[in-house]
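J.: My structure is below; once you've seen it, I'll send some questions.
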Amino acid sequence: MSILVYGANGYTGQLVVKAASEQSVAIILGGRNAVEINAMAQRTGFEACVFGLDEAVSLKKALSGVRVVLNCAGPFPRTAPQLVEACLELGIHYLDITGEIAMFEWMKTLDERAKKAGIVLLPGVGFDVVPTDCVAKKLHQQLPEGNQLEMAFMNLGGGISHGTLTTMLTNLGTGGAERIKGKIKSKPLAAKGKIIDFGLKKRFCISIPWGDVSTAHFGTGIAYTTIYSAAPKKFYYLLKMQALLNPLFRSAFFRRWAQRKIDKSVFGPTPEQNAHGRSLVWGQLTAPDGKSAEIRFEGPESYWLTALVALHIAKRVQSEVVKTGYQTPASCFGPELILEIPGTRFF
């Protein structure tokens, strides 16, 4: 019973294939682009499976004999529903690398169906959200009475992929989010800004609707969560005008124009950036009495870390008895999960 990587020809999918080749892990290359998928299969020696997601019968046929699906094809609202439904019907474990709050919240509603099917639904098995989920869980172990969580992340020497920017474009104009009193609440994007010490660097950061607004609560029950990302301070001030800009951001004209720009010029970090970049995470949990715990994390460049940890989790799900139903990475495997990847540390 094998691991199928759907979207193997995308930027992150190709990194997963590279990691699998280096580790001699047998995978199936899945995707709808026959030319690219078959060419990859020839280069790597892995089995190819070309299929789209629009026809349920052919989709189920393509997944026959598969134990784990690792979905690397975003934007995930366009690909996850079909794959998840097929996995629920066929009893196949489902993983993906989404970081979108709505996707986590939707998959959480499928918990009982997943348990009945005997499978795990485990979204967010990349940089979104494994390191931060592990930091949140570890902080909660250190300070169980903590109820206010702040986390932030940044990259040193990396870049951004076509798929990530396309997802950002899809969500542009929808605002931000925080967890307040246990509930996810809409907030303006960049409602908060602060300088954060990541240990190796200090950076100005803005609040964003990162997946941990959903996932951290699932694993810990923490009532308040705010997530930050490093960003230029001028970007923070620009976003203060977002109420005026959102109608433009949501317009079909702007989205078509921006997508053409992304298609022509955005290809993701270079192999050198993957090899030498670093990803950093900071987390702090505070209790009502003012007591706090703080953790920092350092790991490989975020896209390469996504490939390594996604493949690692897929291997564990393939070979181990895991908790069924909806899970987050740290709820399924514990906060030390991220340290199983070479080149990672808490400090």
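For the structure tokens, the naming scheme is as follows: chains receive sequential letters (A, B, ...) according to their order of presentation, residues are indexed from 1 within each chain, and ligands are indexed from 1 in presentation order.
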For stretch 279-292 of chain A, work out the shell of residues within 8 Å, counting only C-alpha atoms and skipping chain neighbours fewer than 5 positions away, then give it as a list of chain:residue names.

T.: A:Pro131, A:Thr132, A:Val135, A:Ala136, A:Leu139, A:His140, A:Leu143, A:Glu145, A:Gly146, A:Asn147, A:Gln148, A:Leu149, A:Glu150, A:Met151, A:Ala152, A:Phe153, A:Met154, A:Asn155, A:Leu156, A:Ile196, A:Asp197, A:Phe198, A:Phe297, A:Glu298, A:Gly299, A:Pro300, A:Glu301, A:Ser302

J.: Output as a tab-separated table one row per residue of stretch 242-346 of chain A within 9 Å of stretch 119-122 of chain A: the closest atom pair and its distance in Å to one decimal place, counting only C-alpha atoms, sorted by chain and residue number ascending.

T.:
```
residue	atom	partner	partner_atom	distance
A:Val317	CA	A:Val120	CA	8.4
A:Val322	CA	A:Val120	CA	7.4
A:Lys323	CA	A:Val120	CA	6.6
A:Thr324	CA	A:Val120	CA	4.3
A:Gly325	CA	A:Val120	CA	4.8
A:Tyr326	CA	A:Leu121	CA	4.7
A:Gln327	CA	A:Leu122	CA	5.3
A:Thr328	CA	A:Leu122	CA	5.8
A:Pro329	CA	A:Leu122	CA	6.9
A:Cys332	CA	A:Leu122	CA	8.5
```

J.: Can you write just those residues out, C-alpha atoms, as an mmCIF file, in the first residue's frame?

T.:
```cif
data_model
loop_
_atom_site.group_PDB
_atom_site.id
_atom_site.type_symbol
_atom_site.label_atom_id
_atom_site.label_comp_id
_atom_site.auth_asym_id
_atom_site.auth_seq_id
_atom_site.Cartn_x
_atom_site.Cartn_y
_atom_site.Cartn_z
ATOM 1 C CA VAL A 317 0.951 7.379 8.629
ATOM 2 C CA VAL A 322 -2.368 6.476 14.010
ATOM 3 C CA LYS A 323 -5.286 8.275 15.643
ATOM 4 C CA THR A 324 -8.212 8.328 13.259
ATOM 5 C CA GLY A 325 -10.512 11.244 12.572
ATOM 6 C CA TYR A 326 -9.487 14.849 12.148
ATOM 7 C CA GLN A 327 -6.049 15.583 13.640
ATOM 8 C CA THR A 328 -3.387 18.254 13.631
ATOM 9 C CA PRO A 329 0.303 17.308 13.364
ATOM 10 C CA CYS A 332 -1.375 13.169 16.219
#
```

J.: Atom CA of A:Gly175 to atom CA of A:Val125: how many Å, to one decimal?

T.: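 Those two atoms sit 24.0 Å apart.
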
J.: Can you list, as a short mmCIF file (atom, residue, chain, number, x, y, z; two decimals) with N, CA and C atoms, in the first residue's frame, every residue of stretch 204-330 of chain A that DSSP puts in strand (DSSP E or B)?

T.:
```cif
data_model
loop_
_atom_site.label_atom_id
_atom_site.label_comp_id
_atom_site.auth_asym_id
_atom_site.auth_seq_id
_atom_site.Cartn_x
_atom_site.Cartn_y
_atom_site.Cartn_z
N PHE A 204 10.17 43.18 12.23
CA PHE A 204 8.82 43.71 12.40
C PHE A 204 7.84 42.69 11.81
N CYS A 205 6.76 42.42 12.53
CA CYS A 205 5.79 41.41 12.12
C CYS A 205 4.38 41.96 12.18
N ILE A 206 3.51 41.41 11.35
CA ILE A 206 2.10 41.81 11.31
C ILE A 206 1.21 40.59 11.57
N SER A 207 0.06 40.83 12.15
CA SER A 207 -0.88 39.74 12.42
C SER A 207 -1.54 39.29 11.11
N ILE A 208 -1.67 37.95 10.96
CA ILE A 208 -2.20 37.36 9.73
C ILE A 208 -3.14 36.20 10.07
N TRP A 210 -3.24 32.94 9.84
CA TRP A 210 -2.50 31.68 9.67
C TRP A 210 -3.30 30.51 10.22
N TYR A 224 -7.12 32.22 23.36
CA TYR A 224 -6.73 33.40 22.58
C TYR A 224 -5.50 33.07 21.75
N THR A 225 -5.56 33.32 20.45
CA THR A 225 -4.42 33.05 19.57
C THR A 225 -4.28 34.15 18.53
N THR A 226 -3.07 34.69 18.43
CA THR A 226 -2.73 35.65 17.38
C THR A 226 -1.45 35.17 16.70
N ILE A 227 -1.45 35.16 15.38
CA ILE A 227 -0.30 34.71 14.61
C ILE A 227 0.26 35.88 13.80
N TYR A 228 1.59 35.97 13.76
CA TYR A 228 2.28 37.05 13.07
C TYR A 228 3.23 36.49 12.01
N SER A 229 3.47 37.31 11.01
CA SER A 229 4.48 37.00 9.99
C SER A 229 5.37 38.22 9.81
N ALA A 230 6.66 37.98 9.59
CA ALA A 230 7.57 39.09 9.29
C ALA A 230 7.12 39.78 8.02
N ARG A 278 16.89 29.51 6.06
CA ARG A 278 16.47 29.02 7.37
C ARG A 278 15.07 29.55 7.68
N SER A 279 14.30 28.75 8.38
CA SER A 279 12.98 29.18 8.84
C SER A 279 13.02 29.34 10.35
N LEU A 280 12.36 30.38 10.85
CA LEU A 280 12.38 30.70 12.27
C LEU A 280 10.95 30.88 12.78
N VAL A 281 10.72 30.40 14.00
CA VAL A 281 9.41 30.54 14.65
C VAL A 281 9.64 31.02 16.08
N TRP A 282 8.79 31.92 16.54
CA TRP A 282 8.77 32.38 17.93
C TRP A 282 7.40 32.14 18.50
N GLY A 283 7.33 31.70 19.77
CA GLY A 283 6.05 31.51 20.41
C GLY A 283 6.09 31.91 21.86
N GLN A 284 5.01 32.49 22.33
CA GLN A 284 4.89 32.86 23.74
C GLN A 284 3.47 32.58 24.22
N LEU A 285 3.37 31.91 25.37
CA LEU A 285 2.09 31.61 25.98
C LEU A 285 2.04 32.30 27.34
N THR A 286 0.95 33.02 27.60
CA THR A 286 0.82 33.79 28.83
C THR A 286 -0.41 33.34 29.60
N SER A 292 4.56 33.49 31.99
CA SER A 292 4.63 33.17 30.56
C SER A 292 5.74 32.17 30.28
N ALA A 293 5.61 31.50 29.14
CA ALA A 293 6.63 30.59 28.62
C ALA A 293 6.93 31.00 27.19
N GLU A 294 8.17 30.83 26.77
CA GLU A 294 8.60 31.30 25.46
C GLU A 294 9.49 30.24 24.80
N ILE A 295 9.30 30.03 23.50
CA ILE A 295 10.08 29.04 22.74
C ILE A 295 10.42 29.63 21.38
N ARG A 296 11.60 29.33 20.90
CA ARG A 296 11.99 29.65 19.53
C ARG A 296 12.34 28.37 18.80
N PHE A 297 12.16 28.39 17.50
CA PHE A 297 12.45 27.23 16.65
C PHE A 297 13.26 27.68 15.45
N GLU A 298 14.20 26.84 15.04
CA GLU A 298 14.97 27.06 13.82
C GLU A 298 14.96 25.78 13.00
N GLY A 299 14.78 25.92 11.69
CA GLY A 299 14.79 24.75 10.82
C GLY A 299 15.22 25.12 9.41
N PRO A 300 15.22 24.16 8.50
CA PRO A 300 15.56 24.42 7.10
C PRO A 300 14.61 25.43 6.46
N GLY A 325 -9.75 10.02 12.49
CA GLY A 325 -10.51 11.24 12.57
C GLY A 325 -9.67 12.44 12.19
N TYR A 326 -10.23 13.62 12.42
CA TYR A 326 -9.49 14.85 12.15
C TYR A 326 -8.39 15.01 13.19
#
```

J.: Find, counting only C-alpha atoms, the residue in A:Phe346, A:Ser64, A:Thr79, A:Ile3 that gets nearest to A:Gly199.

T.: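 Selected residue with least distance to A:Gly199: A:Phe346.
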
J.: Just want the 9 Å neighbourhood of A:Asn71, counted on only C-alpha atoms, with same-chain residues fewer than 3 positions away dropped. Output as a list in words.

T.: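 Residues meeting the cut-off are Leu4, Val5, Tyr6, Gly7, Ala8, Gly13, Gly74, Phe76, Thr79, Ala80, Leu83, Tyr94, Leu95, Asp96, Ile97, Thr98 and Pro123 of chain A.
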
J.: Name all residues at most 10 Å from A:Leu53 (count only C-alpha atoms; drop same-chain ones fewer than 3 positions away) and give them as a count of residues only.

T.: 14

J.: Using only C-alpha atoms, which protein or nucleic acid residues come within 9 Å of A:Lys187? Drop anything in the same chain fewer than 2 positions from it, and give the result as a PDB file with C-alpha atoms, in the first residue's frame.

T.:
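Full text of selection.pdb as output:
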```pdb
ATOM      1  CA  GLY A 175      -9.145  40.213   5.971  1.00  0.00           C
ATOM      2  CA  GLY A 176      -7.490  38.557   8.956  1.00  0.00           C
ATOM      3  CA  ALA A 177      -8.517  36.428  11.928  1.00  0.00           C
ATOM      4  CA  GLU A 178      -7.688  35.771  15.575  1.00  0.00           C
ATOM      5  CA  LYS A 185     -13.145  36.200  14.980  1.00  0.00           C
ATOM      6  CA  LEU A 189      -5.331  41.976   8.096  1.00  0.00           C
ATOM      7  CA  ALA A 190      -2.331  43.420   9.969  1.00  0.00           C
ATOM      8  CA  ALA A 191      -4.555  44.624  12.803  1.00  0.00           C
ATOM      9  CA  PRO A 209      -4.908  34.661   9.381  1.00  0.00           C
TER      10      PRO A 209
END
```

J.: Contacts of A:Asn33 at 10 Å or less, counting only C-alpha atoms, minus same-chain residues fewer than 5 places along, as a list in words?

T.: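 Returned residues: Gly7, Ala8, Asn9, Asn38, Cys49, Val50, Phe51 and Gly52 of chain A.
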
J.: Could you list, as a PDB file with C-alpha atoms, in the first residue's frame, every residue within 7 Å of A:Ile92, counting only C-alpha atoms and ignoring same-chain residues fewer than 4 positions away?

T.:
```pdb
ATOM      1  CA  VAL A  66      -3.177   3.687  -2.263  1.00  0.00           C
ATOM      2  CA  ARG A  67      -2.818   3.910   1.538  1.00  0.00           C
ATOM      3  CA  VAL A  68      -1.953   7.607   1.923  1.00  0.00           C
ATOM      4  CA  CYS A  87     -10.479   9.026   0.669  1.00  0.00           C
ATOM      5  CA  LEU A  88     -13.466   8.820   3.029  1.00  0.00           C
ATOM      6  CA  ILE A 119      -8.682   7.077   8.425  1.00  0.00           C
TER       7      ILE A 119
END
```

J.: Have a look at A:Val129, A:Ser319, A:Glu89, A:Ile338 and name the one nearest to A:Lys115; count only C-alpha atoms.

T.: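 Going through A:Val129, A:Ser319, A:Glu89, A:Ile338 one by one, the smallest distance to A:Lys115 is for A:Glu89.
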
J.: Name the closest residue to A:Ala307 among the candidates A:Gly126, A:Gly99, A:Pro77, A:Gly343; distances are taken between atoms, counting only C-alpha atoms.

T.: A:Gly126

J.: At what distance in Å, to one decimal, does atom CA of A:Val309 lie from atom CA of A:Ser21?

T.: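 According to the coordinates, atom CA of A:Ser21 and atom CA of A:Val309 are separated by 14.6 Å.
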
J.: Report the distance between atom CA of A:Glu100 and atom CA of A:Cys134 in Å, rounded to one decimal place.

T.: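 Rounded to one decimal, the two atoms are 17.4 Å apart.
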
J.: Where does DSSP see alpha helix (DSSP H) in stretch 31-75 of chain A, if you list the residues as a PyMOL selection string?

T.: chain A and resi 34-44+56-62

J.: Convert the current residue selection to file output with N, CA and C atoms, as a PDB file, in the first residue's frame.

T.:
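Just written: result_8.pdb:
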```pdb
ATOM      1  N   ALA A  34      -0.425  15.195 -17.935  1.00  0.00           N
ATOM      2  CA  ALA A  34       0.187  13.933 -18.351  1.00  0.00           C
ATOM      3  C   ALA A  34       1.632  14.115 -18.803  1.00  0.00           C
ATOM      4  N   VAL A  35       1.917  15.173 -19.548  1.00  0.00           N
ATOM      5  CA  VAL A  35       3.276  15.393 -20.058  1.00  0.00           C
ATOM      6  C   VAL A  35       4.262  15.547 -18.913  1.00  0.00           C
ATOM      7  N   GLU A  36       3.923  16.415 -17.956  1.00  0.00           N
ATOM      8  CA  GLU A  36       4.848  16.681 -16.852  1.00  0.00           C
ATOM      9  C   GLU A  36       4.976  15.491 -15.904  1.00  0.00           C
ATOM     10  N   ILE A  37       3.855  14.854 -15.575  1.00  0.00           N
ATOM     11  CA  ILE A  37       3.895  13.721 -14.638  1.00  0.00           C
ATOM     12  C   ILE A  37       4.669  12.550 -15.246  1.00  0.00           C
ATOM     13  N   ASN A  38       4.420  12.230 -16.504  1.00  0.00           N
ATOM     14  CA  ASN A  38       5.126  11.118 -17.143  1.00  0.00           C
ATOM     15  C   ASN A  38       6.616  11.416 -17.313  1.00  0.00           C
ATOM     16  N   ALA A  39       6.943  12.678 -17.592  1.00  0.00           N
ATOM     17  CA  ALA A  39       8.361  13.051 -17.694  1.00  0.00           C
ATOM     18  C   ALA A  39       9.064  12.902 -16.349  1.00  0.00           C
ATOM     19  N   MET A  40       8.390  13.290 -15.281  1.00  0.00           N
ATOM     20  CA  MET A  40       8.959  13.122 -13.941  1.00  0.00           C
ATOM     21  C   MET A  40       9.159  11.648 -13.617  1.00  0.00           C
ATOM     22  N   ALA A  41       8.194  10.828 -14.002  1.00  0.00           N
ATOM     23  CA  ALA A  41       8.302   9.393 -13.745  1.00  0.00           C
ATOM     24  C   ALA A  41       9.502   8.795 -14.471  1.00  0.00           C
ATOM     25  N   GLN A  42       9.723   9.247 -15.699  1.00  0.00           N
ATOM     26  CA  GLN A  42      10.894   8.765 -16.453  1.00  0.00           C
ATOM     27  C   GLN A  42      12.198   9.162 -15.781  1.00  0.00           C
ATOM     28  N   ARG A  43      12.266  10.399 -15.290  1.00  0.00           N
ATOM     29  CA  ARG A  43      13.488  10.886 -14.649  1.00  0.00           C
ATOM     30  C   ARG A  43      13.764  10.193 -13.312  1.00  0.00           C
ATOM     31  N   THR A  44      12.706   9.928 -12.561  1.00  0.00           N
ATOM     32  CA  THR A  44      12.891   9.458 -11.184  1.00  0.00           C
ATOM     33  C   THR A  44      12.736   7.958 -11.013  1.00  0.00           C
ATOM     34  N   ALA A  56     -15.719  11.454 -10.413  1.00  0.00           N
ATOM     35  CA  ALA A  56     -15.565  10.661  -9.198  1.00  0.00           C
ATOM     36  C   ALA A  56     -15.143   9.220  -9.477  1.00  0.00           C
ATOM     37  N   VAL A  57     -15.693   8.591 -10.516  1.00  0.00           N
ATOM     38  CA  VAL A  57     -15.393   7.183 -10.795  1.00  0.00           C
ATOM     39  C   VAL A  57     -13.920   7.013 -11.161  1.00  0.00           C
ATOM     40  N   SER A  58     -13.417   7.855 -12.069  1.00  0.00           N
ATOM     41  CA  SER A  58     -12.012   7.739 -12.467  1.00  0.00           C
ATOM     42  C   SER A  58     -11.084   8.124 -11.320  1.00  0.00           C
ATOM     43  N   LEU A  59     -11.515   9.051 -10.479  1.00  0.00           N
ATOM     44  CA  LEU A  59     -10.710   9.438  -9.322  1.00  0.00           C
ATOM     45  C   LEU A  59     -10.554   8.256  -8.373  1.00  0.00           C
ATOM     46  N   LYS A  60     -11.641   7.572  -8.071  1.00  0.00           N
ATOM     47  CA  LYS A  60     -11.571   6.423  -7.171  1.00  0.00           C
ATOM     48  C   LYS A  60     -10.733   5.290  -7.772  1.00  0.00           C
ATOM     49  N   LYS A  61     -10.840   5.130  -9.077  1.00  0.00           N
ATOM     50  CA  LYS A  61     -10.034   4.103  -9.745  1.00  0.00           C
ATOM     51  C   LYS A  61      -8.551   4.428  -9.622  1.00  0.00           C
ATOM     52  N   ALA A  62      -8.209   5.704  -9.759  1.00  0.00           N
ATOM     53  CA  ALA A  62      -6.804   6.112  -9.668  1.00  0.00           C
ATOM     54  C   ALA A  62      -6.241   5.877  -8.272  1.00  0.00           C
TER      55      ALA A  62
END
```
